[in-house]
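Novice: Coordinates in my_file-v5.cif, mmCIF, C-alpha atoms, are listed below.
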data_coords
loop_
_atom_site.label_atom_id
_atom_site.label_comp_id
_atom_site.auth_asym_id
_atom_site.auth_seq_id
_atom_site.Cartn_x
_atom_site.Cartn_y
_atom_site.Cartn_z
CA MET G 1 11.06 -6.88 4.83
CA PRO G 2 14.90 -6.84 4.77
CA VAL G 3 16.63 -5.54 1.67
CA THR G 4 18.34 -8.28 -0.34
CA GLN G 5 21.79 -7.95 -1.86
CA GLU G 6 20.24 -8.17 -5.33
CA GLN G 7 18.02 -5.18 -4.55
CA ALA G 8 20.98 -3.25 -3.15
CA ASP G 9 22.98 -3.92 -6.32
CA TRP G 10 20.07 -2.70 -8.47
CA PHE G 11 19.74 0.45 -6.36
CA ALA G 12 23.47 1.19 -6.51
CA ASN G 13 23.50 0.76 -10.29
CA ALA G 14 20.48 3.05 -10.76
CA PHE G 15 22.00 5.61 -8.38
CA SER G 16 25.28 5.55 -10.30
CA GLN G 17 23.44 6.15 -13.59
CA LEU G 18 21.62 9.12 -12.09
CA VAL G 19 24.91 10.61 -10.87
CA GLY G 20 26.51 10.09 -14.29
CA ASN G 21 23.59 11.73 -16.12
CA ILE G 22 23.63 14.83 -13.93
CA ASP G 23 27.43 15.01 -14.13
CA LYS G 24 27.10 15.69 -17.87
CA ALA G 25 25.75 19.12 -16.99
CA ILE G 26 27.93 19.96 -14.01
CA LEU G 27 31.36 18.40 -14.26
CA GLY G 28 33.59 17.27 -11.41
CA LYS G 29 31.03 17.56 -8.59
CA GLU G 30 30.16 13.92 -7.98
CA GLN G 31 30.08 14.26 -4.19
CA SER G 32 27.60 17.15 -4.31
CA ILE G 33 25.44 15.29 -6.82
CA ARG G 34 25.39 12.21 -4.58
CA LEU G 35 24.33 14.35 -1.61
CA VAL G 36 21.47 15.96 -3.56
CA LEU G 37 20.24 12.57 -4.80
CA THR G 38 20.51 11.17 -1.27
CA ALA G 39 18.25 13.94 0.00
CA MET G 40 15.66 13.33 -2.72
CA LEU G 41 15.63 9.57 -2.10
CA SER G 42 15.33 10.16 1.65
CA ASP G 43 12.18 12.30 1.24
CA GLY G 44 14.15 15.42 2.09
CA HIS G 45 15.10 18.78 0.64
CA VAL G 46 18.39 20.47 -0.25
CA LEU G 47 19.87 23.90 0.41
CA LEU G 48 22.72 24.84 -1.96
CA GLU G 49 24.70 27.79 -0.62
CA ASP G 50 27.62 29.07 -2.64
CA VAL G 51 29.05 32.10 -4.42
CA PRO G 52 27.52 33.10 -7.78
CA GLY G 53 28.45 31.21 -10.92
CA THR G 54 29.40 27.85 -9.42
CA GLY G 55 26.54 25.88 -10.96
CA LYS G 56 23.88 25.75 -8.22
CA THR G 57 21.01 26.36 -10.62
CA VAL G 58 22.51 24.07 -13.26
CA LEU G 59 22.69 21.21 -10.76
CA ALA G 60 19.08 21.68 -9.70
CA LYS G 61 17.82 21.89 -13.30
CA ALA G 62 19.87 18.85 -14.33
CA LEU G 63 18.30 16.82 -11.53
CA ALA G 64 14.84 17.99 -12.55
CA ASN G 65 15.50 17.00 -16.16
CA THR G 66 16.93 13.61 -15.15
CA VAL G 67 13.70 12.61 -13.41
CA ASP G 68 10.86 12.07 -15.86
CA GLY G 69 8.40 14.03 -13.75
CA THR G 70 7.23 17.61 -13.48
CA ASN G 71 9.60 20.38 -12.50
CA SER G 72 9.31 24.08 -11.86
CA ARG G 73 11.50 27.04 -11.05
CA ILE G 74 10.53 29.83 -8.67
CA GLN G 75 12.72 32.95 -8.80
CA PHE G 76 12.40 34.39 -5.31
CA THR G 77 12.22 38.19 -5.18
CA PRO G 78 11.20 40.67 -2.45
CA ASP G 79 7.78 41.21 -4.05
CA LEU G 80 6.93 37.49 -4.37
CA LEU G 81 3.70 36.62 -2.52
CA PRO G 82 2.90 33.32 -0.75
CA SER G 83 0.08 32.69 -3.24
CA ASP G 84 2.63 33.00 -6.06
CA VAL G 85 4.24 29.86 -4.61
CA THR G 86 1.36 27.78 -3.30
CA GLY G 87 -1.48 28.76 -5.63
CA VAL G 88 -4.78 30.56 -5.10
CA THR G 89 -8.51 29.89 -4.96
CA ILE G 90 -10.45 31.81 -7.62
CA TYR G 91 -14.20 32.14 -8.06
CA ASP G 92 -15.36 30.61 -11.34
CA GLN G 93 -18.49 32.41 -12.54
CA SER G 94 -19.30 29.74 -15.12
CA ASN G 95 -20.03 27.08 -12.50
CA GLY G 96 -20.64 29.34 -9.51
CA ARG G 97 -17.96 27.97 -7.21
CA PHE G 98 -14.40 28.55 -6.06
CA GLU G 99 -11.67 26.53 -7.74
CA PHE G 100 -8.08 26.01 -6.66
CA HIS G 101 -5.37 26.97 -9.15
CA PRO G 102 -2.12 25.25 -8.07
CA GLY G 103 1.12 27.24 -7.94
CA PRO G 104 4.60 26.19 -9.06
CA ILE G 105 5.19 24.31 -5.80
CA PHE G 106 3.13 21.47 -7.31
CA ALA G 107 5.97 19.68 -9.10
CA SER G 108 8.23 16.69 -8.54
CA VAL G 109 11.37 18.85 -8.42
CA VAL G 110 11.03 22.49 -7.36
CA LEU G 111 13.95 24.88 -7.78
CA ALA G 112 13.63 27.73 -5.29
CA ASP G 113 16.23 30.10 -6.70
CA GLU G 114 17.78 32.69 -4.33
CA ILE G 115 15.30 31.77 -1.60
CA ASN G 116 16.72 34.32 0.85
CA ARG G 117 15.62 37.23 -1.39
CA ALA G 118 11.94 36.64 -0.58
CA SER G 119 10.22 38.09 2.48
CA PRO G 120 9.85 35.93 5.61
CA LYS G 121 6.11 35.68 4.93
CA THR G 122 6.74 34.13 1.52
CA GLN G 123 9.49 31.88 2.86
CA SER G 124 7.07 30.59 5.49
CA ALA G 125 4.72 29.43 2.72
CA LEU G 126 7.18 26.57 2.16
CA LEU G 127 7.20 25.31 5.76
CA GLU G 128 4.09 23.14 5.66
CA VAL G 129 4.65 21.67 2.21
CA MET G 130 8.32 20.83 2.90
CA GLU G 131 7.38 19.01 6.10
CA GLU G 132 4.09 17.33 5.19
CA GLY G 133 3.87 17.42 1.38
CA VAL G 134 0.55 19.26 1.60
CA VAL G 135 -0.45 22.83 0.73
CA THR G 136 -3.38 24.27 2.71
CA VAL G 137 -5.28 27.06 0.97
CA ASP G 138 -8.53 28.43 2.44
CA GLY G 139 -8.64 25.53 4.87
CA VAL G 140 -8.39 22.83 2.20
CA GLY G 141 -5.32 20.57 1.97
CA HIS G 142 -3.85 19.82 -1.45
CA PRO G 143 -1.18 17.04 -1.60
CA VAL G 144 1.76 17.77 -3.90
CA GLY G 145 2.35 14.08 -4.61
CA ALA G 146 5.54 12.03 -4.72
CA PRO G 147 8.36 12.31 -5.43
CA PHE G 148 8.67 15.86 -4.13
CA VAL G 149 11.91 17.71 -3.44
CA VAL G 150 12.69 21.38 -2.98
CA ILE G 151 16.17 22.46 -4.05
CA ALA G 152 16.80 25.96 -2.74
CA THR G 153 19.79 28.12 -3.60
CA GLN G 154 21.18 31.14 -1.85
CA ASN G 155 24.19 33.38 -2.19
CA PRO G 156 26.14 33.93 1.06
CA VAL G 157 28.03 36.95 -0.29
CA GLU G 158 25.39 39.45 -1.42
CA GLN G 159 23.40 40.15 1.74
CA ALA G 160 21.85 43.48 0.72
CA GLY G 161 18.10 43.07 0.31
CA THR G 162 18.04 39.49 1.60
CA TYR G 163 16.26 37.83 4.52
CA SER G 164 18.07 35.14 6.48
CA LEU G 165 16.23 31.83 6.59
CA PRO G 166 14.65 31.27 10.02
CA GLU G 167 15.87 28.36 12.09
CA ALA G 168 12.58 26.48 11.62
CA GLN G 169 13.04 26.55 7.86
CA LEU G 170 16.73 25.62 7.92
CA ASP G 171 15.76 22.61 10.02
CA ARG G 172 13.51 21.39 7.21
CA PHE G 173 16.36 21.04 4.74
CA LEU G 174 17.73 17.53 5.08
CA ILE G 175 21.07 18.47 3.53
CA LYS G 176 22.98 21.71 3.06
CA THR G 177 25.95 21.64 0.73
CA SER G 178 27.98 23.80 -1.62
CA LEU G 179 29.71 23.22 -4.92
CA GLY G 180 32.79 25.41 -4.84
CA TYR G 181 34.92 26.28 -7.83
CA PRO G 182 35.91 23.47 -10.22
CA ASP G 183 39.50 22.21 -10.38
CA HIS G 184 41.88 23.17 -13.17
CA ASP G 185 41.11 20.30 -15.56
CA THR G 186 37.34 20.70 -15.14
CA THR G 187 37.62 24.45 -15.67
CA VAL G 188 39.49 23.89 -18.93
CA SER G 189 36.80 21.43 -20.10
CA LEU G 190 34.07 23.94 -19.31
CA LEU G 191 35.91 26.75 -21.08
CA MET G 192 36.42 24.60 -24.16
CA ASP G 193 32.66 24.05 -24.25
CA SER G 194 31.82 27.69 -23.52
CA SER G 195 29.46 27.94 -26.52
CA ASN G 196 27.09 25.51 -24.78
CA ARG G 197 25.09 27.88 -22.58
CA ALA G 198 22.31 25.43 -21.75
CA ARG G 199 24.11 22.39 -20.39
CA ALA G 200 21.24 21.40 -18.09
CA SER G 201 18.66 21.66 -20.87
CA SER G 202 20.43 18.94 -22.85
CA ILE G 203 19.99 16.41 -20.02
CA GLN G 204 17.46 13.75 -20.95
CA PRO G 205 15.23 11.87 -18.45
CA ILE G 206 16.54 8.41 -17.59
CA ILE G 207 14.19 7.39 -14.78
CA ALA G 208 10.44 7.59 -14.21
CA SER G 209 9.14 9.40 -11.16
CA GLU G 210 7.47 6.15 -10.04
CA SER G 211 10.90 4.50 -9.92
CA ILE G 212 12.17 7.29 -7.65
CA VAL G 213 9.33 6.52 -5.25
CA ALA G 214 10.23 2.82 -5.38
CA MET G 215 13.90 3.57 -4.71
CA ALA G 216 13.00 5.77 -1.74
CA LYS G 217 10.84 3.00 -0.27
CA LEU G 218 13.63 0.47 -0.74
CA ALA G 219 16.16 2.76 0.95
CA SER G 220 13.88 3.15 3.97
CA GLU G 221 14.05 -0.60 4.56
CA VAL G 222 17.86 -0.81 4.86
CA HIS G 223 19.01 -2.49 8.08
CA VAL G 224 20.35 -0.26 10.86
CA ASP G 225 21.79 -1.74 14.03
CA ALA G 226 20.71 -0.20 17.35
CA SER G 227 24.34 0.72 18.08
CA ILE G 228 24.35 2.96 14.98
CA MET G 229 21.25 4.80 16.14
CA GLY G 230 22.84 5.12 19.56
CA TYR G 231 25.84 6.74 17.87
CA VAL G 232 23.54 9.21 16.07
CA SER G 233 21.78 10.04 19.34
CA THR G 234 25.10 10.66 21.11
CA LEU G 235 26.30 12.92 18.29
CA ILE G 236 23.24 15.17 18.31
CA SER G 237 23.32 15.33 22.11
CA ALA G 238 26.96 16.47 21.94
CA THR G 239 26.00 19.40 19.70
CA ARG G 240 23.48 20.57 22.30
CA SER G 241 25.97 20.51 25.17
CA ASP G 242 28.85 22.09 23.24
CA LYS G 243 29.95 25.37 24.83
CA ASP G 244 30.03 27.08 21.44
CA ALA G 245 26.44 26.17 20.54
CA ALA G 246 23.50 28.37 21.48
CA LEU G 247 21.17 25.75 20.04
CA GLY G 248 22.13 22.22 19.05
CA VAL G 249 20.59 19.70 16.67
CA SER G 250 16.90 18.92 17.21
CA ILE G 251 15.33 15.48 17.09
CA ARG G 252 14.21 16.37 13.54
CA GLY G 253 17.88 16.59 12.63
CA GLY G 254 18.54 13.18 14.16
CA LEU G 255 15.64 11.66 12.22
CA ALA G 256 16.95 13.26 9.03
CA LEU G 257 20.38 11.71 9.56
CA ALA G 258 18.79 8.33 10.32
CA ARG G 259 16.97 8.42 6.98
CA ALA G 260 19.90 9.75 4.98
CA VAL G 261 22.43 7.13 6.13
CA LYS G 262 20.14 4.35 4.88
CA THR G 263 20.09 5.85 1.39
CA TRP G 264 23.85 6.49 1.52
CA ALA G 265 24.50 2.86 2.48
CA ILE G 266 22.34 1.27 -0.22
CA SER G 267 23.74 3.67 -2.86
CA ALA G 268 27.07 1.96 -2.15
CA GLY G 269 25.48 -1.47 -2.71
CA ARG G 270 25.16 -2.40 0.97
CA THR G 271 22.11 -3.75 2.77
CA TYR G 272 23.21 -2.29 6.12
CA VAL G 273 24.46 0.98 7.60
CA THR G 274 27.96 1.40 9.03
CA PRO G 275 29.40 4.07 11.36
CA ASP G 276 31.32 5.47 8.37
CA ASP G 277 27.99 6.32 6.71
CA VAL G 278 27.09 8.42 9.73
CA ARG G 279 30.49 10.13 9.79
CA GLU G 280 30.33 10.98 6.07
CA LEU G 281 26.87 12.57 6.30
CA ALA G 282 27.05 14.18 9.75
CA VAL G 283 28.29 17.59 8.53
CA PRO G 284 25.98 18.09 5.51
CA VAL G 285 22.93 16.89 7.48
CA LEU G 286 23.57 18.42 10.93
CA ALA G 287 25.83 21.48 10.71
CA HIS G 288 23.28 23.95 9.28
CA ARG G 289 20.85 23.15 12.10
CA ILE G 290 23.19 24.48 14.80
CA ILE G 291 22.97 28.07 16.04
CA VAL G 292 26.43 29.14 17.14
CA ASP G 293 26.81 31.27 20.25
CA PRO G 294 27.31 34.94 19.17
CA GLU G 295 30.70 35.26 20.85
CA SER G 296 31.93 31.99 19.36
CA ASP G 297 30.54 33.01 15.98
CA PHE G 298 32.54 36.25 16.19
CA ALA G 299 35.62 34.15 17.00
CA GLY G 300 35.09 32.16 13.78
CA VAL G 301 33.47 28.99 15.12
CA SER G 302 30.90 27.42 12.78
CA GLY G 303 28.35 24.64 12.96
CA ILE G 304 30.73 22.52 10.90
CA ASP G 305 33.40 22.92 13.58
CA ILE G 306 30.97 21.80 16.29
CA VAL G 307 29.92 18.68 14.37
CA ASN G 308 33.53 17.80 13.53
CA LYS G 309 34.47 18.17 17.20
CA ALA G 310 31.71 15.74 18.17
CA LEU G 311 32.92 13.27 15.54
CA VAL G 312 36.44 13.43 17.01
CA ASP G 313 35.37 13.20 20.65
CA ILE G 314 32.83 10.38 20.29
CA GLU G 315 34.12 6.95 19.42
CA PRO G 316 31.99 5.15 16.79
CA PRO G 317 30.65 1.73 17.68
CA ALA G 318 32.35 -1.41 16.49
CA TYR G 319 29.92 -2.88 14.00
CA ARG G 320 29.57 -6.08 12.07
CA ALA G 321 27.24 -6.56 9.12
CA ALA G 322 24.04 -8.34 9.97
#
Please lay out the structure from this file as structure tokens.

Specialist:
Amino acid sequence: MPVTQEQADWFANAFSQLVGNIDKAILGKEQSIRLVLTAMLSDGHVLLEDVPGTGKTVLAKALANTVDGTNSRIQFTPDLLPSDVTGVTIYDQSNGRFEFHPGPIFASVVLADEINRASPKTQSALLEVMEEGVVTVDGVGHPVGAPFVVIATQNPVEQAGTYSLPEAQLDRFLIKTSLGYPDHDTTVSLLMDSSNRARASSIQPIIASESIVAMAKLASEVHVDASIMGYVSTLISATRSDKDAALGVSIRGGLALARAVKTWAISAGRTYVTPDDVRELAVPVLAHRIIVDPESDFAGVSGIDIVNKALVDIEPPAYRAA
């Protein structure tokens, strides 16, 4: 059923309120907040990569507090076990049977802090649940419910004692973004309020988790013209044929972009997707999925450069609203 303009206006208003509530905790980062919310409302997950002290954890906790659902934080360390994330089956002597004790992954918003500090075995425990929303323990599947979003953080500077995320796991993050340092005026505001050391904790819930599910369903019904999907297909194909790419964007990446642009469009109060929506989200959705050729990587070429080159080389379709 097509989305009506009235529904789009309601969505845009709710989205704006969510952005404003989170912005109380992390000032001056509206674009990053919008990207994180877009991922959550597109049934995706977020990877925040930035230097220490820029507010990655604060952003994730503020989002968790904004949604009136369950939230958890997992501090990833080298000795963390997969069962510490997913949960474990324990024999209960009182009733003579095994019972499943869920781990911290069973929450609406899961903050996976410094995810690259855990071993590859522990990191792989997230693969199934991030893709299918189900945790399998001892052959039994346990749904985590909806909404469900993993917000993972990692520090690109301190590489000692870390394990790079495998390509299969990077591909499961719908969006990768960073926050960067605040501008001068925002920095002054933060310094003036330096006594407040728990900015995220003061954020109050403003939306029920059931409403998040309803918003996600509404976003999935936004109209997309076939020419827009053709544009997405051409873009991801260009990343595969680029001479600087050892591995381009998979079809999973194309599907992720197709979902994200619908949410991005309706968050702006539109019932349809435009080529500009694709261009705005192409880098945060696609760039981290590209493996750059080693020689090109040594020369300074990044996945962002490859996506930007495709955006320049490929002409977007002329599109009229339906």

Novice: Tell me which residues come within 7 Å of (21.1, 16.9, -13.8), as a PyMOL selection string, counting only C-alpha atoms in the file's coordinates.

Specialist: chain G and resi 21-23+25+59-66+200+203

Novice: Report the distance between CA of Gln154 in chain G and CA of Thr70 in chain G in Å, rounded to one decimal place.

Specialist: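 Straight-line distance from CA of Gln154 in chain G to CA of Thr70 in chain G works out to 22.6 Å.
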
Novice: Apply the PyMOL selection byres ((chain G and resi 257) around 8) to the file shown and report the selected residues as a PyMOL selection string.

Specialist: chain G and resi 174+232+253-256+258-261+278+281-282+285-286

Novice: Give me, as JSON lines, the closest atom pair and its distance (Å, one decimal) for every residue of range 241-286 of chain G within a cut-off of 10 Å of range 3-6 of chain G, counting all atoms listed in the file, rows sorted by chain and rising number.

Specialist:
{"residue": "G:Ile266", "atom": "CA", "partner": "G:Val3", "partner_atom": "CA", "distance": 9.1}
{"residue": "G:Gly269", "atom": "CA", "partner": "G:Gln5", "partner_atom": "CA", "distance": 7.5}
{"residue": "G:Arg270", "atom": "CA", "partner": "G:Gln5", "partner_atom": "CA", "distance": 7.1}
{"residue": "G:Thr271", "atom": "CA", "partner": "G:Val3", "partner_atom": "CA", "distance": 5.9}
{"residue": "G:Tyr272", "atom": "CA", "partner": "G:Val3", "partner_atom": "CA", "distance": 8.6}

Novice: Point out the residue among G:Pro275, G:Lys217, G:Gln93, G:Val85 with the least atom-to-atom distance to Ala125 in chain G, counting only C-alpha atoms.

Specialist: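 Closest candidate: G:Val85.
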
Novice: Counting all atoms listed in the file, figure out which residue out of G:Ser302, G:Ser108, G:Ala265, G:Pro317 gets nearest to Phe15 in chain G.

Specialist: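 Using all atoms listed in the file, Phe15 in chain G sits closest to G:Ala265.
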
Novice: My list of candidates is G:Glu99, G:Asp138, G:Asp50, G:Asp43. Which is closest to Pro156 in chain G when distances are computed with only C-alpha atoms?

Specialist: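 Among G:Glu99, G:Asp138, G:Asp50, G:Asp43, it is G:Asp50 that comes nearest to Pro156 in chain G.
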
Novice: Care to translate the PyMOL selection byres ((chain G and resi 250) around 12) into actual residues of this file, as a ChimeraX atom specification?

Specialist: /G:167-168,170-172,232-233,235-240,247-249,251-257,285-291

Novice: Evaluated on this file, the PyMOL selection byres ((chain G and resi 208) around 9) picks out some residues - which ones are they, written as a ChimeraX atom specification?

Specialist: /G:66-69,205-207,209-212

Novice: Select, from G:Gly44, G:Gly141, G:Pro147, G:Gly20, the residue with the minimum atom-to-atom distance to Gly87 in chain G, counting all atoms listed in the file.

Specialist: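 Looking only at the distances to Gly87 in chain G, the closest residue turns out to be G:Gly141.
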
Novice: Report, in Å with one decimal, the straight-line distance from CA of Ile33 in chain G to CA of Gly55 in chain G.

Specialist: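 These atoms are spaced 11.4 Å apart.
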
Novice: Given the choices G:Ile151, G:Leu127, G:Leu18, G:Val301, which gets closest to Pro82 in chain G if the distance is worked out from all atoms listed in the file?

Specialist: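 Among the listed residues, G:Leu127 lies closest to Pro82 in chain G.
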